[in-house]
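Undergrad: Provided herewith is a single structure, encoded as structure tokens, for subsequent inquiry.
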Amino acid sequence: MGYGIVAKKNLFTVINQAARAAERAQRAKERERIAEAKRLERERVRREKQRIAEAKRLERERVAKEKKRAAEAKRLERERVAEAKKRTAEAERAQKAREREEKARHIENNKSLADSQTIEAQELLESMEQILAHALSIEHTVDFDSAKNTDEFLKPRPEKPPSPQRPIYRDIPPEPSINDLDYQSSFPKPEKPPEPEQLYWDMPLEPDPNDEKYILKFGVFDFSKKREAIKRKALEKYQEDYNAWELEKQELIETNQQLKLEYEAEAKEIENNYQKMLKDWENKRNAFLHEQIIKWEQSKQEIISVNQKMKSNYEAELKVNEKSYYLMLEEWENDKKAFLHDQEILNKSNEALKENYFNGDPESIQYYSNQLLSNSEYYNTFPQEFELEYNPENKILILEYQLPSLEDIPTLKEVKYIQTRDEFTEKHITKTQHNKLYDKILYQITLRTIHELYDAHQTDLIEAIVFNGHVKSIDPATGQKTNNCVLSVQANKEDFEEINLTMVEPKACFKKLKGVGSSKLHSLTPIPPLVKLDREDSRFTDSYDVIDGMVEGYNLAAMDWEDFEHLIRELFERAFAEAGGEVKVTQASRDGGIDAVIFDPDPLRGGKIVVQAKRYTNVVGVSAVRDLYGTLVNEGANKGILVTTSDYGPDAYKFASDKPIQLLNGGNLLHLLEQYGYKARINLQEAKQSLSKENK
């Protein structure tokens, strides 16, 4: 019994000691936890201080950088402003330098311009003094051979155009196939979804009766009864754990069974969905492929059609090129024939003119005299208007010549540039000098013209030249325009050729030739010419009026051919009346010659104009236009006009396109008549029937 008490005391002591040890251990752990917490707090505070310090450092650096950046910006701005001021100053200096240079150039250019204008004015005045001397240095000859047309036909023979480029036919793409990568990529096969994850709970371990917690441990003071209690308690503990394990095991088995069913259902659903997706994919793929095949068929037909069209176009272009080449070749050959034919006509006409000239034909002599004086070079303000008449009986050439007026004579002597006022001033010759120069020019033109004519006509066809000089001016008494003869002279060839024109004084020479004119030609005192120009031509006949007796709506195509010629004369008389023109009708001949001649004094369009009138009911061919051109050359006329009641063929228009020939068809004629208040008509069919009845 005492031993049991002692044992109990020892057991309590051991238990108390164990409890105290556990308490000490618990307090030690608490202290460690508190110490760790304090350490962590200190670490946190330290890190916070470091963070704050780092933030302050970064802020100081940011502020310092900002100050530095601001300072740099201010420095750059100061430099920019300074550079801008420097550039502005340099630009201003450069601008001022340019302005000075520009001003210096302006002054220099104006001085040079004034000097050049002065030199030009002085040279022009000197040339006015040398009008006669200039002509003496030139040889004037009637060169018949130079008038011949020996040109070659320069239009190159057309080359065969290159063949058109062969078409690049389009290839037909391969028929769409299910195995094409493009279609596979357009409709990728759906991938089979992954199997669902199969989850099972693991079975807990069966309680082991040999587990330490079920092993009996008896103390020194545990007696049999106590031990029985401990055994019973250990057995109950094991039995309790085993029952709990059995219960948990059963629950897990049921749970795993449920998970298996859910897994199998999910796997089946996934498989069904996949099979459905696979079927939809196959349907869409097949539909897409069918659609692509339809499109391919359409594209195939389009490509075949395009290739066929390109082939047809290529073949058509080949034919067009071939036809175009032959047309160009035919046109070239026709142009060459026409060129050679025109050349032959011109050369024959020139030969005829040459022969007529040496035979003393008045028309030929007048033609070449006209050509000579037209090519004589004078100052651009001088009028080169004149009329010629040659009398073969006395071999006298009469010339009505338009002399320049006082206003046509240059007076500028010097040009100065006034730098201070930046302006030009002109200095002119005095009025006395101007009048004296004008008189000298008129005398020089007279002598020069006579010299040019005698120098050109080396034959004895011209034995005397009568020069009548006219000047256009305003009569101060009436204020009307006048064209008075101010000088006239007749120079015999034998007497004139004895004069040394290089040494003469023009006025004295004029007087020596017994020329008539006022002592002061600038006074423009009119004088009667020694011999007047007779414009009458033996071919001309009296005219009669037709227009006023023509009723409204009259068919011009049925008019008598001679009346038609006089109608054309009347019409052109009215057209040229304002300019002072004169229209003459030639004698009726029906020989294709001239039907009328117009003398037009207009300096730009004027001269001699020959007219042919064709009262035709058929189209006028190119031969009629060629005949007019030959007549124009023969007559030495400036222009030819062909008038018809019908129209012209394309060859006629083409031939006249590059020649001084104007073609007026029936429509043009009616329009011209309407301008003067006359309404006629042209009915070719009616005229044909009427003329046919008359011929019967």
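As shown in the structure tokens, the chain order sets the letters A, B, ...; within each chain, residues go from 1, and ligands are also counted from 1 in the order they appear.
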Write out as a count of residues only each polymer residue whose atoms come within 10 Å of Lys189 of chain A, counting only C-alpha atoms; drop sequence neighbours fewer than 5 positions from it.
TA: 6
Undergrad: Can you list, as a ChimeraX atom specification, every protein, DNA or RNA residue that comes within 9 Å of segment 398-414 of chain A when you count only C-alpha atoms, leaving out same-chain residues fewer than 5 positions away?
TA: /A:114-115,117-122,124-125,128,379-391,425-431,433-435,437-438,441-442,445-446,464-473,483,485,490,522,531-534
Undergrad: Nearest to Glu152 of chain A: which of A:Ala135, A:Ala557, A:Leu340, A:Ile303 is it, counting only C-alpha atoms?
TA: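 Of the candidates, the smallest distance to Glu152 of chain A is held by A:Leu340.
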Undergrad: May I ask for the distance between atom CA of Ile682 of chain A and atom CA of Asp627 of chain A, given in Å to one decimal place?
TA: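 Atom CA of Asp627 of chain A lies 25.0 Å from atom CA of Ile682 of chain A.
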Undergrad: Step one, run DSSP on the backbone; step two, keep only residues of segment 283-497 of chain A assigned to strand (DSSP E or B); then write them as a ChimeraX atom specification.
TA: /A:386-391,396-403,412-418,423-428,464-474,481-492
Undergrad: Nearest to His134 of chain A among A:Asn555, A:Thr502, A:Gln685, A:Thr482, with distances taken over only C-alpha atoms: which residue is it?
TA: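 Using only C-alpha atoms, the shortest distance to His134 of chain A belongs to A:Thr502.
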